[in-house]
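First up is the structure itself, then whatever we jot down about it.
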Amino acid sequence: MDTPFTRTIVTREQWVEGAWAVRDAGGRLVTLWGSDNTDRGAGFAVMAAFVAAGGVRVLELSLAAGEPYPEIAGLFPAAGRMQRALHDLLGLVAEGARDTRPWLRHGAWREGEFPLRRDFDASAARNNAPADYRFVRVEGDGVHEIPVGPIHAGIIEPGHFRFNIVGEKVLRLEERLGYVHKGIDRRFAAFAIGEGHRLAGRVSGDSAVAFQWAYAQAAEAAAGAEPPPRAQWLRALMLERERVANHLGDLGALGNDAALAFALSQFMRLKEDWLRLNAEAFGHRMAWDRIVPGGVDADLTGPAAARMLEQADAIEAEVRVLREIFDESSSLQDRFITTGRLTPDQAHAFGVTGLAGRASGQAFDLRCDMPCAPYGELAVRKVVFDAGDVAARVKVRFEELIESLRLIREIVRRLPPGELRRELALPPARAFGVGLVEGWRGEAFVALEAGEGGAIRRCHAHDPSWHAWPAVEHAVIGNIVPDFPLINKSFNLSYSGQDC
Amino acid sequence: MIPLLLKVVRTGIVTEPAPGAEPQWRERAGAIQQEILRLLGRALVIRQVDAGSCNGCELEIHALNNPYYNIEGLGIRFAASPRHADMLLVTGPVSRNMENALRIAYEAMPDPKLVVALGDCGRDGGIFGETYATCGGVSKVIPVDVVVPGCPPPPLAILQGILTAIATPKNGTPGPS
């Protein structure tokens with residue numbers, strides 16, 4: 001099993017105690033989701049996944065129809081939006097929750113209708129009328145409000161930001177997301193377990209490899225299967241290549257957002273070289289759909305391996321030069337340093353993982369903390385800074401990029417021979433598995449429950465952006481409005497992943 | 001400053017030249033520029049709208065701006081407002097939560113209101129289909145001139161799609177013969 005996990009059916013008391021225990025032990029909440037089990041003559045179930053003591057701990061609480069579950073946003077603030085989404089989709093009520101506004105339901109389905117319920121009429125025609133949303137109002141002398149989005153000025157995903165400002169200074173930012181909700185959780189039921197990785201990859205396209213690996217882990221855990229060693233190493237190769245591609249693109253865009261257009265041209269040139277070699281080696285510029293349940297669907301040929309080694313050296317040399325240029329550009333550093341600061345306490349409170357977490361002192365990296373094969377043999381260097389500003393997130397990207405290039409060289413050189421894929425035995429109905437993968441942005445999670453005959457009964461995908469989006473609201477306080485695009489880019493969160 | 005200038009000089013111009021290593025790309029690019037000049041004067045202005053994409057298509061649209069493709073050098077530019085745009089480049093299956101915003105953006109755009117739908121999900125909903133949350137393709141919401149298949153379509157295919165749109169006569173408007 002690549003991601004060690006336990007799953008416990010709990011009582012209401014144990015649900016609350018379990019959440020407290022995780023918090024007291026310094027663990028974190030990964031996600032909340034639910035399931036309609038009325039077709040089995042039961043009621044509903046609410047599930048919470050935590051990371052604690054080197055593994056994933058899943059708590060499952062059964063609920064009668066209409067019975068609420070004890071809310072946990074008081075312990076884990078990031079749960080607030082998840083509880084709202086869980087209500088929108090499944091109608092489960094978080095008892096004691098302070099914020100009960102809709103989150104994913106904007107008006108495409110009616111209040112009192114719940115798309116993840118088995119009695120939901122998916123074919124009914126609905127009048128799509130966006131409802132009013134109660135933003136928190138800030139009042140006082142000279143305060144005014146700037147609404148932005150859902151369509152933003154650049155080539156970016158949609159979302160709404162409501163700024164309350166005095167002069168140029170941000171007093172408060174409130175996000176409203178959900179615009180790219182695609183009903184992925186429900187859609188999974190239309191796929192066989194052996195095919196669901198394709199949908200998992202499209203939870204957030206920039207993290208497709210991470211999600212497809214997490215999905216494969218979940219499916220393999222449910223089936224009690226293990227992928228062949230060569231497949232594990234190739235998965236890591238694809239994941240590190242995804243990390244490098246995104247870091248290259250982000251570093252260019254960050255330079256550009258601070259008026260160093262030179263950086264965008266240079267880094268985007270390197271990224272294009274990188275993607276072209278992906279296409280050559282794996283047949284897809286971003287290596288999508290190559291990680292499949294049971295193994296991988298692409299091999300690395302000798303010539304492609306040689307090109308990857310050469311390219312890693314070439315890109316590293318170029319990145320080191322560009323990093324010096326970044327470091328020596330006073331105008332760039334002036335924009336980066338102290339801007340958009342997320343303190344380690346705030347990052348901890350929201351359970352921010354991944355590069356944004358590590359730039360704010362959250363020393364979590366699954367590749368080091370709970371390494372699945374082949375990471376246990378690669379001794380990944382964990383990159384952690386405390387400053388939590390844009391500059392720190394830039395530094396994490398540079399260092400992780402260089403480290404990933406080292407990993408890629410090592411993986412290519414040590415790639416074990418052997419088969420690429422083993423046929424996945426059909427998991428029995430009710431078999432359950434989870435996957436958790438350190439994507440470039442943070443921890444990508446998938447939970448899977450098998451249905452009859454190889455069908456997906458319930459699959460839930462969770463993007464790390466769920467935790468970092470509310471943290472951004474805090475990171476921008478006190479900054480000037482024109483720095484918001486830079487701050488936002490420095491996190492580069494997924495809208496699709498959180499809305500999915 | 002000196003390292004920066006050195007890097008610029010040493011990198012040189014990487015935009016793939018007309019008779020260079022990738023000739024068929026430059027041919028297409030050249031054709032694009034001619035069509036734009038004929039139809040729209042000096043430039044084609046595009047407003048991109050993400051209507052529920054997984055963000056994969058956006059990555060490839062960004063790639064169009066890299067120096068290899070140098071789309072601005074071809075007279076194609078992305079604008080912040082649909083009011084300044086000749087073309088809407090739409091990604092995603094159109095989530096129901098973006099349906100109204102997409103319609104508003106389309107209405108705000110001046111004629112000729114060209115629309116290119118990008119990717120398999122822009123075409124017909126793709127992997128997301130037509131569900132309680134998705135409309136099942138851009139043409140379910142606004143008129144579409146050209147559909148570019150792919151998941152995601154690579155940058156060159158996106159360029160081709162843009163070419164196809166400006167070479168197609170729209171609603172009886174005379175196009176290039």
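Numbering starts fresh at 1 for the residues of each chain in the structure tokens, the chains themselves are lettered A, B, ... in the order given, and ligands are numbered from 1 as they appear.
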What's the 9 Å shell around Glu419 (chain A), counting only C-alpha atoms, without same-chain residues fewer than 3 positions away, as a PDB file with C-alpha atoms, in the first residue's frame?
ATOM      1  CA  PRO A 228       5.518  -3.175 -10.623  1.00  0.00           C
ATOM      2  CA  PRO A 229       8.750  -1.402  -9.547  1.00  0.00           C
ATOM      3  CA  ARG A 230       9.511   0.111 -12.940  1.00  0.00           C
ATOM      4  CA  ALA A 231       6.049   1.700 -12.928  1.00  0.00           C
ATOM      5  CA  GLY A 295       1.037   0.699 -13.356  1.00  0.00           C
ATOM      6  CA  ARG A 422      -0.221  -5.436 -13.921  1.00  0.00           C
TER       7      ARG A 422
END
Closest pair table for chain B residues within 7 Å of chain A, only C-alpha atoms, as JSON lines:
{"residue": "B:Pro3", "atom": "CA", "partner": "A:Ile325", "partner_atom": "CA", "distance": 6.5}
{"residue": "B:Leu4", "atom": "CA", "partner": "A:Ile325", "partner_atom": "CA", "distance": 6.1}
{"residue": "B:Gln48", "atom": "CA", "partner": "A:Ile155", "partner_atom": "CA", "distance": 6.1}
{"residue": "B:Val49", "atom": "CA", "partner": "A:Ile151", "partner_atom": "CA", "distance": 6.9}
{"residue": "B:Asp50", "atom": "CA", "partner": "A:Glu157", "partner_atom": "CA", "distance": 5.7}
{"residue": "B:Ala51", "atom": "CA", "partner": "A:Val180", "partner_atom": "CA", "distance": 6.8}
{"residue": "B:Gly52", "atom": "CA", "partner": "A:Val180", "partner_atom": "CA", "distance": 4.2}
{"residue": "B:Cys54", "atom": "CA", "partner": "A:Ser204", "partner_atom": "CA", "distance": 5.0}
{"residue": "B:Asn55", "atom": "CA", "partner": "A:Gly205", "partner_atom": "CA", "distance": 5.3}
{"residue": "B:Gly56", "atom": "CA", "partner": "A:Gly205", "partner_atom": "CA", "distance": 4.5}
{"residue": "B:Glu58", "atom": "CA", "partner": "A:Ile155", "partner_atom": "CA", "distance": 6.6}
{"residue": "B:Asn66", "atom": "CA", "partner": "A:Met268", "partner_atom": "CA", "distance": 5.4}
{"residue": "B:Pro67", "atom": "CA", "partner": "A:Ser265", "partner_atom": "CA", "distance": 6.1}
{"residue": "B:Tyr68", "atom": "CA", "partner": "A:Arg269", "partner_atom": "CA", "distance": 6.9}
{"residue": "B:Ala80", "atom": "CA", "partner": "A:Ala153", "partner_atom": "CA", "distance": 4.3}
{"residue": "B:Ser81", "atom": "CA", "partner": "A:Ala153", "partner_atom": "CA", "distance": 6.8}
{"residue": "B:Ser95", "atom": "CA", "partner": "A:Val180", "partner_atom": "CA", "distance": 5.6}
{"residue": "B:Arg96", "atom": "CA", "partner": "A:Ala108", "partner_atom": "CA", "distance": 5.9}
{"residue": "B:Asn97", "atom": "CA", "partner": "A:Tyr179", "partner_atom": "CA", "distance": 4.8}
{"residue": "B:Met98", "atom": "CA", "partner": "A:Tyr179", "partner_atom": "CA", "distance": 5.6}
{"residue": "B:Ile127", "atom": "CA", "partner": "A:Leu199", "partner_atom": "CA", "distance": 6.8}
{"residue": "B:Phe128", "atom": "CA", "partner": "A:Lys182", "partner_atom": "CA", "distance": 6.9}
{"residue": "B:Thr131", "atom": "CA", "partner": "A:Ala122", "partner_atom": "CA", "distance": 6.8}
{"residue": "B:Tyr132", "atom": "CA", "partner": "A:Ala122", "partner_atom": "CA", "distance": 5.7}
{"residue": "B:Ala133", "atom": "CA", "partner": "A:Lys182", "partner_atom": "CA", "distance": 5.1}
{"residue": "B:Thr134", "atom": "CA", "partner": "A:Lys182", "partner_atom": "CA", "distance": 5.8}
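The protein and nucleic acid residues lying at most 9 Å from Gly126 (chain B) are Gly92, Pro93, Gly119, Asp120, Cys121, Gly136, Gly137 and Cys151 of chain B, with only C-alpha atoms considered and sequence neighbours fewer than 5 positions away removed.
Residues within 8 Å of Ser490 (chain A), counting only C-alpha atoms and excluding same-chain residues fewer than 6 positions away, are Asp250, Leu254, Val390, Arg393 and Val394 of chain A.
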Using only C-alpha atoms, determine which residues lie at most 12 Å from Ala258 (chain A), disregarding the query and same-chain residues fewer than 5 positions distant; provide the list as a compact mmCIF listing (two decimals) with N, CA and C atoms, in the first residue's frame.
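result.txt, written as the output of this step:
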# COMPACT_ATOMS: atom_id res chain seq x y z
N LEU A 251 7.81 30.73 -11.93
CA LEU A 251 8.92 31.67 -11.72
C LEU A 251 8.92 32.73 -12.81
N GLY A 252 8.62 32.32 -14.03
CA GLY A 252 8.52 33.30 -15.11
C GLY A 252 7.40 34.28 -14.86
N ALA A 253 6.24 33.75 -14.48
CA ALA A 253 5.08 34.61 -14.27
C ALA A 253 5.29 35.54 -13.08
N ALA A 263 12.02 37.68 -17.42
CA ALA A 263 11.90 36.40 -16.73
C ALA A 263 10.85 35.52 -17.40
N LEU A 264 9.74 36.13 -17.81
CA LEU A 264 8.67 35.35 -18.44
C LEU A 264 9.18 34.70 -19.73
N PHE A 326 17.57 37.14 -10.58
CA PHE A 326 16.48 37.44 -9.64
C PHE A 326 17.05 38.05 -8.37
N SER A 329 18.28 41.60 -8.75
CA SER A 329 17.36 42.63 -9.22
C SER A 329 16.68 43.28 -8.01
N SER A 330 17.13 44.49 -7.68
CA SER A 330 16.60 45.12 -6.47
C SER A 330 15.12 45.46 -6.63
N SER A 331 14.69 45.81 -7.85
CA SER A 331 13.28 46.16 -8.03
C SER A 331 12.40 44.92 -7.81
N LEU A 332 12.91 43.77 -8.21
CA LEU A 332 12.16 42.52 -8.03
C LEU A 332 12.09 42.16 -6.55
N GLN A 333 13.24 42.22 -5.89
CA GLN A 333 13.27 41.85 -4.46
C GLN A 333 12.43 42.81 -3.64
N ASP A 334 12.40 44.06 -4.06
CA ASP A 334 11.59 45.04 -3.36
C ASP A 334 10.11 44.67 -3.41
N ARG A 335 9.69 44.11 -4.54
CA ARG A 335 8.29 43.67 -4.65
C ARG A 335 8.05 42.37 -3.88
N PHE A 336 9.06 41.49 -3.85
CA PHE A 336 8.88 40.15 -3.28
C PHE A 336 8.93 40.13 -1.75
N ILE A 337 9.92 40.85 -1.19
CA ILE A 337 10.21 40.69 0.23
C ILE A 337 9.15 41.40 1.08
N THR A 339 6.08 40.98 1.08
CA THR A 339 4.77 41.07 0.44
C THR A 339 3.98 39.78 0.66
N VAL A 390 6.14 36.51 -0.46
CA VAL A 390 6.29 36.12 -1.87
C VAL A 390 7.73 35.63 -2.10
N ALA A 391 8.69 36.34 -1.50
CA ALA A 391 10.10 35.97 -1.69
C ALA A 391 10.35 34.53 -1.24
N PRO A 482 -2.53 46.71 -5.78
CA PRO A 482 -1.74 46.29 -6.95
C PRO A 482 -0.81 45.11 -6.68
N ASP A 483 -0.56 44.79 -5.42
CA ASP A 483 0.27 43.62 -5.14
C ASP A 483 -0.55 42.33 -5.11
N PHE A 484 -1.87 42.44 -5.18
CA PHE A 484 -2.66 41.21 -5.08
C PHE A 484 -2.35 40.20 -6.18
N PRO A 485 -2.25 40.64 -7.46
CA PRO A 485 -1.93 39.65 -8.49
C PRO A 485 -0.62 38.91 -8.23
N LEU A 486 0.36 39.64 -7.70
CA LEU A 486 1.66 39.03 -7.39
C LEU A 486 1.51 38.01 -6.26
N ILE A 487 0.77 38.41 -5.22
CA ILE A 487 0.57 37.51 -4.08
C ILE A 487 -0.19 36.27 -4.53
N LYS A 489 -0.40 35.01 -7.49
CA LYS A 489 0.44 34.17 -8.35
C LYS A 489 1.45 33.40 -7.51
N SER A 490 1.95 34.02 -6.44
CA SER A 490 2.98 33.34 -5.65
C SER A 490 2.42 32.08 -4.99
